[in-house]
file target.txt (compact mmCIF, C-alpha atoms)
# COMPACT_ATOMS: atom_id res chain seq x y z
CA MET H 30 3.27 3.94 32.29
CA ASN H 31 6.42 5.81 31.35
CA LYS H 32 7.84 5.05 27.90
CA THR H 33 9.98 6.68 25.25
CA ILE H 34 8.80 7.05 21.67
CA ALA H 35 11.37 7.66 18.92
CA VAL H 36 10.50 9.48 15.70
CA PRO H 37 12.93 9.89 12.79
CA SER H 38 12.88 13.62 12.15
CA MET H 39 14.09 16.31 9.82
CA HIS H 40 16.67 18.73 11.26
CA PRO H 41 16.57 20.17 13.92
CA GLY H 42 14.11 17.68 15.43
CA GLY H 43 11.56 18.36 18.14
CA LEU H 44 7.77 18.15 18.26
CA ASP H 45 7.23 20.55 15.35
CA ALA H 46 9.74 18.83 13.03
CA VAL H 47 8.45 16.80 10.10
CA ARG H 48 8.70 13.03 10.51
CA ALA H 49 11.38 11.79 8.09
CA GLY H 50 10.31 9.39 5.37
CA HIS H 51 12.77 6.60 6.15
CA PHE H 52 14.24 6.09 9.58
CA GLY H 53 17.74 5.03 8.47
CA HIS H 54 18.31 8.21 6.47
CA CYS H 55 16.80 10.78 8.83
CA ASP H 56 18.74 13.77 10.14
CA VAL H 57 17.96 13.16 13.81
CA PHE H 58 15.67 11.17 16.09
CA THR H 59 13.26 13.03 18.34
CA LEU H 60 12.75 11.10 21.58
CA ILE H 61 9.51 11.80 23.42
CA SER H 62 9.14 10.65 27.01
CA VAL H 63 5.49 9.87 27.74
CA ASP H 64 3.84 9.14 31.08
CA ASN H 65 0.14 8.24 31.27
CA ASN H 66 -0.28 9.35 27.62
CA GLU H 67 1.11 12.81 28.36
CA ILE H 68 4.31 14.18 26.85
CA ARG H 69 6.81 14.81 29.65
CA ASP H 70 10.17 15.40 27.99
CA ILE H 71 11.68 15.82 24.52
CA SER H 72 15.27 15.22 23.44
CA VAL H 73 17.06 14.92 20.10
CA VAL H 74 19.69 12.33 19.15
CA HIS H 75 21.74 12.47 15.97
CA ASN H 76 21.45 9.58 13.54
CA PRO H 77 24.79 7.74 13.21
CA PRO H 78 26.23 7.58 9.67
CA HIS H 79 25.18 4.50 7.69
CA THR H 80 28.83 3.50 7.43
CA GLN H 81 28.81 2.67 11.16
CA GLY H 82 26.82 -0.57 11.03
CA GLY H 83 24.39 0.33 8.24
CA CYS H 84 20.77 0.41 9.40
CA ILE H 85 21.71 -1.45 12.58
CA GLY H 86 23.55 1.66 13.83
CA PRO H 87 20.29 3.56 14.44
CA VAL H 88 18.77 0.44 16.04
CA ASN H 89 21.58 0.34 18.60
CA THR H 90 21.44 4.12 19.11
CA LEU H 91 17.71 4.08 19.88
CA HIS H 92 18.05 1.06 22.16
CA ALA H 93 20.89 2.77 24.05
CA ASN H 94 18.67 5.85 24.47
CA GLY H 95 15.81 3.87 26.01
CA ALA H 96 13.31 3.81 23.13
CA HIS H 97 10.25 1.60 23.64
CA ALA H 98 8.52 2.45 20.35
CA LEU H 99 9.40 3.88 16.94
CA ILE H 100 7.13 5.58 14.40
CA VAL H 101 8.37 5.33 10.80
CA GLY H 102 7.23 5.83 7.21
CA GLY H 103 9.52 3.11 5.89
CA ILE H 104 11.94 0.52 7.22
CA GLY H 105 13.86 -2.50 5.92
CA MET H 106 13.57 -6.03 7.28
CA ARG H 107 17.04 -6.13 8.88
CA PRO H 108 16.53 -3.10 11.14
CA LEU H 109 12.93 -4.14 11.84
CA MET H 110 14.21 -7.48 13.13
CA GLY H 111 16.83 -5.63 15.21
CA PHE H 112 14.16 -3.49 16.86
CA ARG H 113 12.05 -6.57 17.55
CA GLN H 114 15.02 -8.30 19.20
CA TYR H 115 15.34 -5.32 21.56
CA GLY H 116 11.58 -5.32 22.23
CA ILE H 117 11.06 -1.95 20.52
CA GLU H 118 7.67 -1.75 18.81
CA VAL H 119 7.71 -0.27 15.28
CA TYR H 120 4.61 1.57 14.04
CA TYR H 121 3.72 3.06 10.66
CA GLY H 122 3.02 6.82 10.74
CA PRO H 123 1.44 8.63 7.79
CA GLU H 124 3.51 10.86 5.51
CA GLY H 125 3.62 14.64 5.87
CA GLN H 126 2.95 14.70 9.60
CA THR H 127 4.89 16.43 12.34
CA VAL H 128 6.46 14.52 15.21
CA ARG H 129 3.72 15.84 17.50
CA GLU H 130 0.97 14.64 15.14
CA VAL H 131 2.29 11.07 14.78
CA VAL H 132 2.90 10.77 18.54
CA GLU H 133 -0.66 11.91 19.22
CA LEU H 134 -1.92 9.30 16.72
CA LEU H 135 0.06 6.60 18.54
CA LEU H 136 -1.14 7.70 21.98
CA SER H 137 -4.76 7.63 20.79
CA GLY H 138 -4.35 4.08 19.45
CA GLN H 139 -4.65 5.01 15.77
CA LEU H 140 -1.31 3.58 14.54
CA GLN H 141 -0.63 -0.07 13.78
CA LEU H 142 2.51 -2.15 14.15
CA ILE H 143 4.41 -2.71 10.91
CA GLY H 144 4.06 -6.21 9.52
CA ASP H 145 6.70 -8.24 7.69
CA ASN H 146 4.86 -7.61 4.40
CA GLN H 147 5.23 -3.84 4.81
CA VAL H 148 9.01 -3.52 4.81
CA CYS H 149 10.85 -1.72 2.06
CA GLY H 150 14.07 -2.53 0.25
CA GLY H 151 15.81 0.60 1.56
CA GLY H 152 15.66 4.28 0.78
CA GLY H 153 11.90 4.50 0.32
CA GLY H 154 8.59 4.16 2.04
CA PHE H 155 5.88 1.59 1.64
CA MET H 156 2.15 1.50 1.43
CA PRO H 157 0.41 0.00 4.47
call {"tool": "encode", "arguments": {"input": "target.txt", "output": "structure tokens"}}
result
Amino acid sequence: MNKTIAVPSMHPGGLDAVRAGHFGHCDVFTLISVDNNEIRDISVVHNPPHTQGGCIGPVNTLHANGAHALIVGGIGMRPLMGFRQYGIEVYYGPEGQTVREVVELLLSGQLQLIGDNQVCGGGGGFMP
């Protein structure tokens, strides 16, 4: 099955970039197209400024770019609900990992969906 996984990333993005701690404040999003659990294509999308819709701006950006899943270290309830409305699954990825490492964890079934009790108040991460 072909799907696109989004990972908030430190500049310049890509598979070797470090996953950013909080999706709404990342530099860029690395989009990884996966088919049958194999990475097929990588692209990078800039994160819109928070002034353009707050944390809903990135939600709309990722939806417009075909994301099916998102791997984050922290997220607030409002954007989490936005992703859910679009049918985009949001997973928790451990700190200090590269984009490649968290994507491999997701593809191997080692990441879990974020629950309502795991959201943060903004600007920081959370403990799963």
call {"tool": "closest_residue", "arguments": {"input": "target.txt", "among": "H:Met106, H:Ala98, H:Leu136, H:Val36", "to": "Glu118 in chain H", "atoms": "only C-alpha atoms"}}
result
H:Ala98
call {"tool": "atom_distance", "arguments": {"input": "target.txt", "atom1": "CA of Val47 in chain H", "atom2": "CA of Val131 in chain H"}}
result
9.6 Å
call {"tool": "atom_distance", "arguments": {"input": "target.txt", "atom1": "CA of Asn65 in chain H", "atom2": "CA of Thr90 in chain H"}}
result
24.9 Å
call {"tool": "closest_residue", "arguments": {"input": "target.txt", "among": "H:Leu142, H:Val148, H:Val132, H:Val63", "to": "Leu44 in chain H", "atoms": "all atoms listed in the file"}}
result
H:Val132
call {"tool": "closest_residue", "arguments": {"input": "target.txt", "among": "H:His97, H:His40, H:Arg129, H:His92", "to": "Gly111 in chain H", "atoms": "all atoms listed in the file"}}
result
H:His92
call {"tool": "atom_distance", "arguments": {"input": "target.txt", "atom1": "CA of Ala49 in chain H", "atom2": "CA of Val119 in chain H"}}
result
14.5 Å
call {"tool": "residues_around", "arguments": {"input": "target.txt", "residues": "Met110 in chain H", "least_positions_apart": "2", "cutoff": "12 Å", "atoms": "all atoms listed in the file", "output": "MDAnalysis selection string"}}
result
chainID H and resid 84:85 88 104:108 112:119 143:145 148
call {"tool": "closest_residue", "arguments": {"input": "target.txt", "among": "H:Gly50, H:Pro78, H:Asp56, H:Asn66", "to": "Pro123 in chain H", "atoms": "only C-alpha atoms"}}
result
H:Gly50
call {"tool": "residues_around", "arguments": {"input": "target.txt", "residues": "Pro77 in chain H", "least_positions_apart": "3", "cutoff": "12 Å", "atoms": "all atoms listed in the file", "output": "PyMOL selection string"}}
result
chain H and resi 52-58+74+80-91
call {"tool": "axis_aligned_box", "arguments": {"input": "target.txt", "around": "range 43-57 of chain H", "padding_each_side": "4 Å", "output": "AutoDock Vina command-line options"}}
result
--center_x 13.0 --center_y 12.8 --center_z 11.8 --size_x 19.5 --size_y 23.5 --size_z 20.9
call {"tool": "build_atoms", "arguments": {"input": "target.txt", "residues": "range 33-49 of chain H", "atoms": "N, CA and C atoms", "output": "short mmCIF file (atom, residue, chain, number, x, y, z; two decimals), in the coordinates of the input"}}
result
data_model
loop_
_atom_site.label_atom_id
_atom_site.label_comp_id
_atom_site.auth_asym_id
_atom_site.auth_seq_id
_atom_site.Cartn_x
_atom_site.Cartn_y
_atom_site.Cartn_z
N THR H 33 9.35 5.74 26.17
CA THR H 33 9.98 6.68 25.25
C THR H 33 9.66 6.28 23.82
N ILE H 34 9.15 7.25 23.06
CA ILE H 34 8.80 7.05 21.67
C ILE H 34 9.83 7.77 20.81
N ALA H 35 10.39 7.07 19.84
CA ALA H 35 11.37 7.66 18.92
C ALA H 35 10.71 7.94 17.58
N VAL H 36 11.03 9.11 17.01
CA VAL H 36 10.50 9.48 15.70
C VAL H 36 11.64 10.01 14.85
N PRO H 37 11.92 9.36 13.70
CA PRO H 37 12.93 9.89 12.79
C PRO H 37 12.45 11.25 12.28
N SER H 38 13.31 12.25 12.38
CA SER H 38 12.88 13.62 12.15
C SER H 38 13.83 14.38 11.24
N MET H 39 13.28 15.39 10.59
CA MET H 39 14.09 16.31 9.82
C MET H 39 14.75 17.28 10.80
N HIS H 40 15.92 17.79 10.43
CA HIS H 40 16.67 18.73 11.26
C HIS H 40 15.81 19.95 11.55
N PRO H 41 15.75 20.47 12.74
CA PRO H 41 16.57 20.17 13.92
C PRO H 41 15.94 19.18 14.88
N GLY H 42 14.80 18.58 14.52
CA GLY H 42 14.11 17.68 15.43
C GLY H 42 13.16 18.44 16.33
N GLY H 43 12.52 17.75 17.24
CA GLY H 43 11.56 18.36 18.14
C GLY H 43 10.14 18.06 17.71
N LEU H 44 9.17 18.48 18.51
CA LEU H 44 7.77 18.15 18.26
C LEU H 44 7.23 18.74 16.97
N ASP H 45 7.75 19.90 16.55
CA ASP H 45 7.23 20.55 15.35
C ASP H 45 7.98 20.17 14.08
N ALA H 46 8.99 19.30 14.20
CA ALA H 46 9.74 18.83 13.03
C ALA H 46 8.87 17.86 12.23
N VAL H 47 9.15 17.76 10.94
CA VAL H 47 8.45 16.80 10.10
C VAL H 47 9.07 15.42 10.30
N ARG H 48 8.20 14.40 10.40
CA ARG H 48 8.70 13.03 10.51
C ARG H 48 9.38 12.68 9.20
N ALA H 49 10.61 12.17 9.28
CA ALA H 49 11.38 11.79 8.09
C ALA H 49 10.76 10.57 7.44
#
